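Trainee: So here's final.tsv (TSV, C-alpha atoms).
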```
chain	number	residue	atom	x	y	z
A	1	MET	CA	-66.96	-113.88	-91.77
A	2	LYS	CA	-65.55	-116.37	-89.26
A	3	THR	CA	-68.98	-116.81	-87.63
A	4	ALA	CA	-70.57	-117.43	-91.03
A	5	ARG	CA	-68.03	-120.16	-91.77
A	6	ILE	CA	-68.75	-121.80	-88.43
A	7	PHE	CA	-72.49	-121.82	-89.11
A	8	THR	CA	-71.84	-123.16	-92.61
A	9	PHE	CA	-69.74	-126.01	-91.19
A	10	ILE	CA	-72.39	-126.85	-88.59
A	11	ALA	CA	-75.10	-126.88	-91.25
A	12	PHE	CA	-72.97	-129.13	-93.47
A	13	PHE	CA	-72.28	-131.49	-90.54
A	14	PHE	CA	-75.96	-131.91	-89.68
A	15	ALA	CA	-76.77	-132.32	-93.38
A	16	VAL	CA	-74.30	-135.22	-93.53
A	17	ILE	CA	-75.85	-136.78	-90.41
A	18	PHE	CA	-79.34	-136.40	-91.91
A	19	PHE	CA	-78.15	-138.01	-95.14
A	20	ILE	CA	-76.68	-140.95	-93.23
A	21	THR	CA	-79.83	-141.36	-91.16
A	22	SER	CA	-82.14	-141.26	-94.16
A	23	HIS	CA	-80.13	-143.76	-96.20
A	24	ALA	CA	-79.45	-146.41	-93.60
A	25	ASP	CA	-81.41	-148.66	-91.30
A	26	ALA	CA	-81.97	-147.51	-87.74
A	27	ALA	CA	-80.96	-149.70	-84.80
A	28	ARG	CA	-80.20	-149.35	-81.12
A	29	ILE	CA	-76.56	-148.98	-80.10
A	30	LYS	CA	-76.82	-152.12	-77.94
A	31	ASP	CA	-77.73	-154.14	-81.07
A	32	VAL	CA	-74.62	-153.15	-83.03
A	33	ALA	CA	-72.01	-152.50	-80.31
A	34	GLY	CA	-70.86	-153.56	-76.87
A	35	ILE	CA	-69.26	-151.83	-73.88
A	36	GLY	CA	-65.50	-152.35	-73.81
A	37	GLY	CA	-64.30	-154.83	-71.16
A	38	ILE	CA	-67.81	-156.16	-70.41
A	39	ARG	CA	-68.07	-159.64	-71.89
A	40	ASP	CA	-68.70	-163.30	-71.13
A	41	ASN	CA	-65.86	-165.50	-69.91
A	42	GLN	CA	-65.43	-169.11	-70.98
A	43	LEU	CA	-65.19	-171.92	-68.44
A	44	VAL	CA	-64.26	-175.58	-68.92
A	45	GLY	CA	-63.93	-178.68	-66.75
A	46	TYR	CA	-63.49	-182.46	-66.91
A	47	GLY	CA	-66.08	-184.73	-65.31
A	48	LEU	CA	-67.98	-188.01	-65.32
A	49	VAL	CA	-71.54	-188.81	-66.39
A	50	VAL	CA	-72.92	-191.84	-64.53
A	51	GLY	CA	-76.15	-193.85	-64.67
A	52	LEU	CA	-76.04	-194.67	-68.39
A	53	ALA	CA	-77.82	-197.82	-69.62
A	54	GLY	CA	-74.72	-199.54	-71.00
A	55	THR	CA	-74.06	-196.74	-73.47
A	56	GLY	CA	-71.01	-195.32	-71.72
A	57	ASP	CA	-67.32	-195.65	-72.51
A	58	ASP	CA	-65.84	-199.03	-73.37
A	59	ILE	CA	-64.15	-200.98	-70.59
A	60	LYS	CA	-60.86	-200.63	-72.48
A	61	ASN	CA	-61.02	-196.84	-72.10
A	62	GLY	CA	-58.19	-196.35	-69.63
A	63	PHE	CA	-58.67	-192.73	-68.54
A	64	THR	CA	-62.38	-193.25	-67.79
A	65	LYS	CA	-61.57	-196.24	-65.60
A	66	GLU	CA	-58.80	-194.34	-63.79
A	67	THR	CA	-61.03	-191.31	-63.24
A	68	LEU	CA	-63.78	-193.52	-61.82
A	69	ALA	CA	-61.32	-195.29	-59.50
A	70	ASN	CA	-59.89	-191.97	-58.26
A	71	MET	CA	-63.41	-190.63	-57.66
A	72	LEU	CA	-64.31	-193.72	-55.60
A	73	SER	CA	-61.08	-193.37	-53.63
A	74	ARG	CA	-61.95	-189.76	-52.75
A	75	GLN	CA	-65.28	-191.02	-51.49
A	76	GLY	CA	-63.46	-193.25	-48.98
A	77	LEU	CA	-63.57	-196.52	-50.93
A	78	GLY	CA	-60.06	-197.98	-50.99
A	79	MET	CA	-59.55	-200.13	-54.07
A	80	LYS	CA	-56.84	-202.72	-54.58
A	81	GLU	CA	-54.97	-203.05	-57.86
A	82	GLU	CA	-56.97	-206.13	-58.89
A	83	ALA	CA	-60.25	-204.33	-58.24
A	84	ARG	CA	-59.09	-201.41	-60.36
A	85	LYS	CA	-58.37	-203.74	-63.29
A	86	ASN	CA	-61.83	-205.38	-63.11
A	87	LEU	CA	-63.68	-202.07	-62.76
A	88	SER	CA	-66.36	-201.77	-65.47
A	89	SER	CA	-67.19	-198.41	-67.03
A	90	ASP	CA	-70.06	-199.24	-69.41
A	91	ASN	CA	-72.43	-197.02	-67.44
A	92	VAL	CA	-69.93	-194.16	-67.10
A	93	ALA	CA	-68.71	-191.65	-69.68
A	94	SER	CA	-65.86	-189.14	-69.54
A	95	VAL	CA	-67.04	-185.69	-70.61
A	96	MET	CA	-65.84	-182.13	-71.01
A	97	VAL	CA	-68.13	-179.54	-69.44
A	98	SER	CA	-68.14	-176.00	-70.83
A	99	ALA	CA	-70.02	-172.85	-69.85
A	100	GLU	CA	-69.96	-169.08	-70.24
A	101	LEU	CA	-69.78	-166.88	-67.17
A	102	PRO	CA	-71.71	-163.66	-67.84
A	103	PRO	CA	-70.39	-160.32	-66.59
A	104	PHE	CA	-71.53	-159.19	-63.13
A	105	ALA	CA	-72.59	-162.77	-62.23
A	106	LYS	CA	-72.86	-163.08	-58.45
A	107	VAL	CA	-71.97	-165.99	-56.17
A	108	GLY	CA	-74.87	-168.42	-56.00
A	109	SER	CA	-76.39	-167.53	-59.36
A	110	ARG	CA	-76.89	-170.34	-61.89
A	111	ILE	CA	-75.62	-170.72	-65.45
A	112	ASP	CA	-76.23	-173.31	-68.19
A	113	VAL	CA	-73.57	-175.89	-69.03
A	114	LEU	CA	-72.81	-177.99	-72.12
A	115	VAL	CA	-71.70	-181.62	-71.65
A	116	SER	CA	-69.72	-183.31	-74.46
A	117	SER	CA	-68.39	-186.86	-74.53
A	118	ILE	CA	-64.64	-187.27	-75.09
A	119	GLY	CA	-64.57	-191.09	-75.04
A	120	ASP	CA	-66.39	-193.70	-77.11
A	121	ALA	CA	-69.76	-193.44	-75.37
A	122	ASP	CA	-72.78	-194.04	-77.60
A	123	ASP	CA	-75.40	-192.03	-75.73
A	124	LEU	CA	-75.48	-189.66	-72.72
A	125	ARG	CA	-79.27	-189.79	-72.42
A	126	GLY	CA	-80.48	-190.41	-68.87
A	127	GLY	CA	-77.06	-189.82	-67.31
A	128	THR	CA	-76.16	-187.60	-64.37
A	129	LEU	CA	-73.12	-185.34	-64.30
A	130	LEU	CA	-71.20	-185.61	-61.04
A	131	MET	CA	-69.86	-182.50	-59.34
A	132	THR	CA	-67.42	-180.90	-61.80
A	133	PRO	CA	-65.38	-177.75	-61.08
A	134	LEU	CA	-65.26	-175.30	-64.00
A	135	ARG	CA	-62.08	-173.27	-64.44
A	136	GLY	CA	-61.29	-170.08	-66.34
A	137	ALA	CA	-58.25	-169.17	-68.42
A	138	ASP	CA	-56.37	-168.38	-65.19
A	139	SER	CA	-56.98	-171.97	-63.90
A	140	ARG	CA	-59.13	-170.69	-61.01
A	141	ILE	CA	-62.48	-172.31	-60.22
A	142	TYR	CA	-65.39	-170.00	-61.01
A	143	ALA	CA	-68.35	-172.43	-61.01
A	144	VAL	CA	-69.31	-175.99	-60.10
A	145	ALA	CA	-71.63	-178.06	-62.31
A	146	GLN	CA	-73.83	-181.06	-61.51
A	147	GLY	CA	-77.18	-182.44	-62.64
A	148	ALA	CA	-79.16	-184.56	-65.09
A	149	VAL	CA	-78.04	-184.38	-68.72
A	150	SER	CA	-80.63	-183.67	-71.42
A	151	THR	CA	-79.58	-184.67	-74.94
A	152	GLY	CA	-82.76	-184.23	-77.01
A	153	GLY	CA	-81.90	-187.37	-78.98
A	154	PHE	CA	-81.16	-191.08	-78.72
A	155	SER	CA	-79.05	-193.85	-80.20
A	156	ALA	CA	-79.98	-197.55	-80.39
A	157	GLY	CA	-78.84	-200.49	-82.43
A	158	GLY	CA	-77.91	-204.14	-82.61
A	159	GLY	CA	-77.08	-206.88	-85.05
A	160	GLY	CA	-75.13	-204.59	-87.35
A	161	SER	CA	-77.81	-201.87	-87.58
A	162	LYS	CA	-78.04	-198.58	-85.72
A	163	VAL	CA	-80.65	-195.84	-85.39
A	164	SER	CA	-79.91	-192.41	-83.93
A	165	LYS	CA	-81.70	-189.07	-83.60
A	166	ASN	CA	-79.93	-185.70	-83.31
A	167	HIS	CA	-76.55	-185.88	-81.53
A	168	PRO	CA	-76.82	-188.09	-78.42
A	169	THR	CA	-73.22	-187.63	-77.23
A	170	VAL	CA	-73.73	-183.92	-76.44
A	171	GLY	CA	-76.22	-182.63	-73.88
A	172	ARG	CA	-77.13	-179.60	-71.81
A	173	ILE	CA	-77.95	-178.98	-68.17
A	174	ALA	CA	-80.17	-175.93	-67.73
A	175	ASN	CA	-79.04	-173.91	-64.70
A	176	GLY	CA	-76.62	-176.76	-64.07
A	177	ALA	CA	-73.78	-174.79	-62.45
A	178	PHE	CA	-73.50	-172.53	-59.42
A	179	VAL	CA	-71.21	-169.50	-59.64
A	180	GLU	CA	-68.58	-169.75	-56.90
A	181	ARG	CA	-66.39	-166.76	-57.72
A	182	GLU	CA	-67.23	-163.29	-59.03
A	183	LEU	CA	-65.38	-161.25	-61.61
A	184	LYS	CA	-64.50	-157.86	-60.19
A	185	TYR	CA	-65.68	-154.82	-62.17
A	186	ASN	CA	-65.04	-151.34	-60.78
A	187	PHE	CA	-67.53	-149.93	-63.24
A	188	GLU	CA	-69.38	-147.32	-61.19
A	189	ASN	CA	-66.20	-145.38	-60.38
A	190	ARG	CA	-64.92	-145.15	-63.94
A	191	LYS	CA	-64.54	-141.77	-65.64
A	192	SER	CA	-64.47	-143.15	-69.17
A	193	PHE	CA	-65.42	-146.23	-71.15
A	194	SER	CA	-65.45	-147.32	-74.77
A	195	ILE	CA	-68.13	-148.52	-77.16
A	196	ASN	CA	-66.93	-151.16	-79.63
A	197	LEU	CA	-68.86	-151.82	-82.85
A	198	TYR	CA	-69.38	-155.47	-83.73
A	199	LYS	CA	-68.88	-154.56	-87.41
A	200	PRO	CA	-66.26	-151.81	-87.86
A	201	ASP	CA	-67.46	-148.99	-90.11
A	202	PHE	CA	-66.39	-145.34	-90.16
A	203	THR	CA	-69.83	-144.09	-91.20
A	204	THR	CA	-71.65	-145.98	-88.44
A	205	ALA	CA	-69.06	-144.93	-85.85
A	206	THR	CA	-69.51	-141.27	-86.84
A	207	GLY	CA	-73.27	-141.62	-86.44
A	208	VAL	CA	-72.89	-143.23	-83.00
A	209	ALA	CA	-70.65	-140.45	-81.68
A	210	ALA	CA	-72.96	-137.75	-83.07
A	211	ALA	CA	-76.06	-139.40	-81.60
A	212	ILE	CA	-74.50	-139.70	-78.13
A	213	ASN	CA	-73.26	-136.11	-78.07
A	214	GLY	CA	-76.63	-134.85	-79.27
A	215	SER	CA	-78.66	-136.82	-76.71
A	216	ILE	CA	-76.75	-136.58	-73.41
A	217	THR	CA	-75.08	-133.62	-71.74
A	218	GLY	CA	-72.08	-133.84	-69.44
A	219	ILE	CA	-70.23	-136.43	-71.54
A	220	GLU	CA	-68.13	-136.35	-74.69
A	221	ALA	CA	-68.05	-139.14	-77.30
A	222	LYS	CA	-64.94	-139.14	-79.49
A	223	LEU	CA	-64.03	-141.31	-82.46
A	224	VAL	CA	-60.95	-143.48	-81.94
A	225	ASP	CA	-61.13	-145.61	-85.08
A	226	SER	CA	-63.70	-147.35	-87.27
A	227	SER	CA	-64.87	-149.61	-84.43
A	228	THR	CA	-64.25	-147.69	-81.17
A	229	ILE	CA	-65.96	-144.64	-79.69
A	230	ALA	CA	-64.43	-143.33	-76.45
A	231	VAL	CA	-66.91	-141.80	-73.97
A	232	ASP	CA	-65.38	-139.38	-71.42
A	233	ILE	CA	-67.42	-138.33	-68.40
A	234	GLU	CA	-67.02	-134.65	-67.59
A	235	GLU	CA	-67.02	-133.10	-64.13
A	236	SER	CA	-70.43	-131.52	-64.77
A	237	PHE	CA	-72.07	-134.93	-65.16
A	238	THR	CA	-74.25	-135.97	-62.24
A	239	GLY	CA	-75.79	-139.39	-62.10
A	240	SER	CA	-75.08	-143.10	-62.18
A	241	ILE	CA	-72.80	-144.55	-64.86
A	242	VAL	CA	-74.97	-147.67	-64.97
A	243	LYS	CA	-77.99	-145.54	-65.80
A	244	LEU	CA	-75.89	-143.61	-68.33
A	245	VAL	CA	-74.91	-146.82	-70.14
A	246	SER	CA	-78.57	-147.88	-70.17
A	247	VAL	CA	-79.55	-144.61	-71.86
A	248	ILE	CA	-76.72	-144.87	-74.40
A	249	GLU	CA	-77.61	-148.46	-75.30
A	250	ASN	CA	-81.15	-147.48	-76.25
A	251	ILE	CA	-80.23	-144.56	-78.54
A	252	ASN	CA	-81.30	-145.20	-82.13
A	253	ILE	CA	-78.53	-144.71	-84.66
A	254	ALA	CA	-78.12	-145.17	-88.41
A	255	VAL	CA	-76.34	-148.39	-89.39
A	256	ASP	CA	-74.51	-148.25	-92.68
A	257	SER	CA	-73.33	-151.46	-94.32
A	258	PRO	CA	-71.04	-151.98	-97.31
A	259	ALA	CA	-72.25	-153.53	-100.56
A	260	VAL	CA	-71.51	-157.24	-100.30
A	261	VAL	CA	-72.57	-160.30	-102.29
A	262	VAL	CA	-71.98	-163.58	-100.44
A	263	ILE	CA	-71.86	-166.79	-102.48
A	264	ASN	CA	-71.91	-170.31	-101.06
A	265	GLU	CA	-71.01	-172.63	-103.92
A	266	LYS	CA	-71.57	-175.75	-101.79
A	267	THR	CA	-75.29	-175.06	-101.37
A	268	GLY	CA	-75.92	-172.71	-104.31
A	269	THR	CA	-76.88	-169.85	-101.98
A	270	VAL	CA	-76.55	-166.21	-103.06
A	271	VAL	CA	-77.17	-163.38	-100.57
A	272	MET	CA	-77.00	-159.69	-101.54
A	273	GLY	CA	-76.78	-156.64	-99.33
A	274	GLU	CA	-79.09	-153.65	-99.68
A	275	ASN	CA	-76.43	-151.40	-101.23
A	276	VAL	CA	-75.49	-153.75	-104.08
A	277	ARG	CA	-75.64	-151.97	-107.44
A	278	ILE	CA	-75.00	-153.16	-110.98
A	279	SER	CA	-74.03	-151.22	-114.10
A	280	THR	CA	-75.56	-151.81	-117.51
A	281	VAL	CA	-74.10	-155.00	-118.93
A	282	ALA	CA	-74.96	-157.58	-121.61
A	283	VAL	CA	-75.01	-161.23	-120.53
A	284	ALA	CA	-75.25	-164.43	-122.55
A	285	HIS	CA	-75.09	-167.65	-120.60
A	286	GLY	CA	-75.45	-171.09	-122.13
A	287	ASN	CA	-74.72	-174.64	-121.04
A	288	LEU	CA	-72.72	-177.20	-123.01
A	289	PHE	CA	-73.90	-180.81	-122.59
A	290	ILE	CA	-71.70	-183.73	-123.68
A	291	GLN	CA	-73.30	-187.18	-123.43
A	292	ILE	CA	-71.50	-190.42	-124.26
A	293	LYS	CA	-73.53	-193.63	-124.61
A	294	GLU	CA	-72.10	-197.09	-125.07
A	295	LYS	CA	-74.09	-200.20	-125.88
A	296	GLN	CA	-73.10	-203.76	-126.79
A	297	GLU	CA	-74.57	-205.92	-129.54
A	298	VAL	CA	-74.23	-209.70	-129.54
A	299	SER	CA	-73.97	-211.83	-132.71
A	300	GLN	CA	-75.00	-215.47	-132.13
A	301	PRO	CA	-74.03	-218.43	-134.38
A	302	ALA	CA	-76.59	-219.97	-136.75
A	303	PRO	CA	-79.22	-222.12	-135.06
A	304	PHE	CA	-78.20	-225.30	-136.97
A	305	ALA	CA	-74.49	-224.92	-136.56
A	306	PRO	CA	-72.73	-228.18	-135.66
A	307	ALA	CA	-72.51	-228.74	-131.92
A	308	PRO	CA	-69.01	-228.75	-130.45
A	309	PRO	CA	-67.55	-232.10	-129.45
A	310	ARG	CA	-68.15	-233.21	-125.89
A	311	GLY	CA	-65.52	-231.92	-123.50
A	312	THR	CA	-64.56	-228.91	-125.67
A	313	VAL	CA	-63.87	-225.76	-123.68
A	314	PRO	CA	-64.69	-222.43	-125.40
A	315	VAL	CA	-61.75	-220.09	-125.80
A	316	ARG	CA	-62.16	-216.29	-125.48
A	317	ALA	CA	-60.35	-214.43	-128.22
A	318	GLY	CA	-59.53	-210.71	-128.31
A	319	GLY	CA	-62.25	-208.12	-128.86
A	320	GLY	CA	-64.91	-209.89	-126.77
A	321	THR	CA	-65.28	-212.85	-129.18
A	322	ILE	CA	-66.00	-216.35	-127.82
A	323	VAL	CA	-64.71	-218.94	-130.28
A	324	ALA	CA	-65.94	-222.54	-130.12
A	325	PRO	CA	-66.08	-225.41	-132.60
A	326	GLY	CA	-69.24	-225.19	-134.67
A	327	GLY	CA	-69.75	-221.41	-134.36
A	328	GLN	CA	-68.75	-218.24	-132.55
A	329	THR	CA	-70.46	-215.51	-130.48
A	330	VAL	CA	-69.31	-212.00	-131.31
A	331	VAL	CA	-69.80	-209.03	-128.90
A	332	ILE	CA	-69.61	-205.63	-130.62
A	333	SER	CA	-69.37	-202.34	-128.67
A	334	GLU	CA	-71.03	-199.29	-130.22
A	335	THR	CA	-70.26	-195.82	-128.82
A	336	THR	CA	-72.40	-192.73	-129.52
A	337	THR	CA	-71.33	-189.18	-128.61
A	338	ASP	CA	-73.88	-186.37	-128.49
A	339	VAL	CA	-72.93	-182.69	-128.01
A	340	LYS	CA	-75.62	-180.08	-127.36
A	341	GLU	CA	-75.23	-176.37	-126.62
A	342	GLU	CA	-78.05	-174.10	-125.48
A	343	LYS	CA	-78.75	-171.22	-127.86
A	344	ASN	CA	-79.36	-168.42	-125.37
A	345	GLN	CA	-79.60	-164.87	-126.64
A	346	LEU	CA	-77.54	-161.94	-125.45
A	347	VAL	CA	-79.60	-160.25	-122.70
A	348	VAL	CA	-78.99	-156.66	-121.62
A	349	VAL	CA	-79.16	-156.24	-117.85
A	350	PRO	CA	-80.01	-152.57	-117.17
A	351	LYS	CA	-78.40	-150.45	-114.51
A	352	GLY	CA	-79.94	-151.19	-111.11
A	353	VAL	CA	-80.32	-148.40	-108.58
A	354	THR	CA	-82.03	-150.55	-105.93
A	355	ILE	CA	-81.65	-154.13	-104.78
A	356	GLN	CA	-85.13	-154.88	-106.15
A	357	ALA	CA	-84.06	-153.70	-109.60
A	358	VAL	CA	-80.90	-155.81	-109.48
A	359	VAL	CA	-82.82	-158.95	-108.48
A	360	LYS	CA	-85.48	-158.33	-111.13
A	361	ALA	CA	-82.82	-157.90	-113.83
A	362	LEU	CA	-80.98	-161.07	-112.85
A	363	ASN	CA	-84.21	-163.09	-112.64
A	364	ALA	CA	-85.07	-161.94	-116.19
A	365	ILE	CA	-82.15	-164.00	-117.48
A	366	GLY	CA	-83.95	-167.12	-116.23
A	367	VAL	CA	-81.01	-169.07	-114.79
A	368	THR	CA	-80.60	-171.46	-111.89
A	369	PRO	CA	-78.81	-170.43	-108.66
A	370	GLY	CA	-75.75	-172.35	-109.80
A	371	ASP	CA	-75.66	-170.40	-113.07
A	372	LEU	CA	-76.31	-167.16	-111.18
A	373	ILE	CA	-73.11	-167.71	-109.16
A	374	THR	CA	-71.09	-167.96	-112.36
A	375	ILE	CA	-72.81	-164.90	-113.86
A	376	LEU	CA	-72.15	-162.75	-110.77
A	377	GLN	CA	-68.48	-163.74	-110.74
A	378	THR	CA	-68.20	-162.85	-114.43
A	379	ILE	CA	-70.00	-159.51	-113.99
A	380	LYS	CA	-67.64	-158.71	-111.11
A	381	SER	CA	-64.65	-159.49	-113.35
A	382	ALA	CA	-66.09	-157.15	-115.99
A	383	GLY	CA	-66.24	-154.33	-113.42
A	384	ALA	CA	-70.02	-153.96	-113.62
A	385	LEU	CA	-70.84	-155.21	-110.09
A	386	GLN	CA	-70.38	-152.46	-107.50
A	387	ALA	CA	-70.05	-154.75	-104.49
A	388	ASP	CA	-67.55	-156.90	-102.65
A	389	LEU	CA	-67.87	-160.51	-103.81
A	390	LYS	CA	-67.24	-163.10	-101.07
A	391	VAL	CA	-67.17	-166.82	-101.91
A	392	MET	CA	-67.64	-169.22	-99.00
```
Before anything else, please render the file you have as structure tokens.
Mentor:
Amino acid sequence: MKTARIFTFIAFFFAVIFFITSHADAARIKDVAGIGGIRDNQLVGYGLVVGLAGTGDDIKNGFTKETLANMLSRQGLGMKEEARKNLSSDNVASVMVSAELPPFAKVGSRIDVLVSSIGDADDLRGGTLLMTPLRGADSRIYAVAQGAVSTGGFSAGGGGSKVSKNHPTVGRIANGAFVERELKYNFENRKSFSINLYKPDFTTATGVAAAINGSITGIEAKLVDSSTIAVDIEESFTGSIVKLVSVIENINIAVDSPAVVVINEKTGTVVMGENVRISTVAVAHGNLFIQIKEKQEVSQPAPFAPAPPRGTVPVRAGGGTIVAPGGQTVVISETTTDVKEEKNQLVVVPKGVTIQAVVKALNAIGVTPGDLITILQTIKSAGALQADLKVM
């Protein structure tokens, strides 16, 4: 009896896994999760971009001038106080340099850097970044950047007009920094590691653990929570952990996603997930237009009315009337209000079992994206939309 129950449980477990696999999209583990502790590290530094064609920081920019003077002093050029005051910085711009140090990066390897102006420079095009140390969160130097800045745009103007393309005060330097310090990872000697889902989900996490246990022997994958799967390496496992991670990353698993409708009211964008469902509901949506028009009519005096005496100044009376000897000009305002309401019929939206059926039913109403946003919010309030509604 006990053995029969065990076989029944195993059959039920694999039936659940088959159901999950058949009702969700397949993806590699490396596309939906990452290895715990293995990530990029952010670097930042302050530097100078030189060689600009008069598009650098203004001469009144104090910190750019001081930085330039300090840089020249380190190069062996002693500057007196008067020379510091007259130092021009039109061809120089103060910038912040940022980069991401990938895991396992070795000394001497190159990484890309992003250069962003922090002063009032107009354009970094054609400039050269001087040697800039890049520091991590621990204030230690991990890379050094230098090179020609590429902005992909320009800015030009004069006489009160200005023309610009893209964003000329931000540029990139491809392979512009050398790695000077490595991050230490004792990865090969580890006996366990974790797999962290980018999007926490209990169903997906269950599928990941089952797929790992069913594909590789000598390890055990255990669920920790909705986003973490702990992988323990047993004594019977023989092989490289690096190769093991490579095999795990390429295992296909079923990715399950919740039913979500995302609405961006600023742009009128509506995006629906695959699992969105709608119950049978009746919808009537009409627009109310109110239009107010105002026009003015002018009444002139008779053509043969006596002319006013010379030197007489017309006097404006209340109500837009100009009174003068010999006749008067009357201005009359006429206001028209028009109210119009669309006579849309009550439309029954049938129950949708697929995303195609939901879209087809909503399109049958014949509304604009702006109206569709209002309709979806109302259907959600009525309890007929089986999805999470997110408004951006």
Trainee: So, counting only C-alpha atoms, which residue among A:Gly268, A:Gly126, A:Pro258, A:Gly56 is closest to Val391 of chain A?
Mentor: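 Using only C-alpha atoms, Val391 of chain A sits closest to A:Gly268.
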Trainee: Atom CA of Ile111 of chain A and atom CA of Gly176 of chain A are how many Å apart?
Mentor: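 Atom-to-atom, atom CA of Ile111 of chain A and atom CA of Gly176 of chain A are spaced 6.3 Å apart.
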Trainee: Can you tell me, as an MDAnalysis selection string, what residues are no more than 12 Å from Ser139 of chain A when counting only C-alpha atoms, ignoring any on the same chain fewer than 5 positions away?
Mentor: chainID A and resid 42:45 133:134
Trainee: So which residues fall inside 8 Å of (-82.5, -145.8, -82.6) if we count only C-alpha atoms? Mind giving them as a list in words?
Mentor: Ala26, Ala27, Arg28, Ile29, Asn250, Ile251, Asn252, Ile253 and Ala254 of chain A
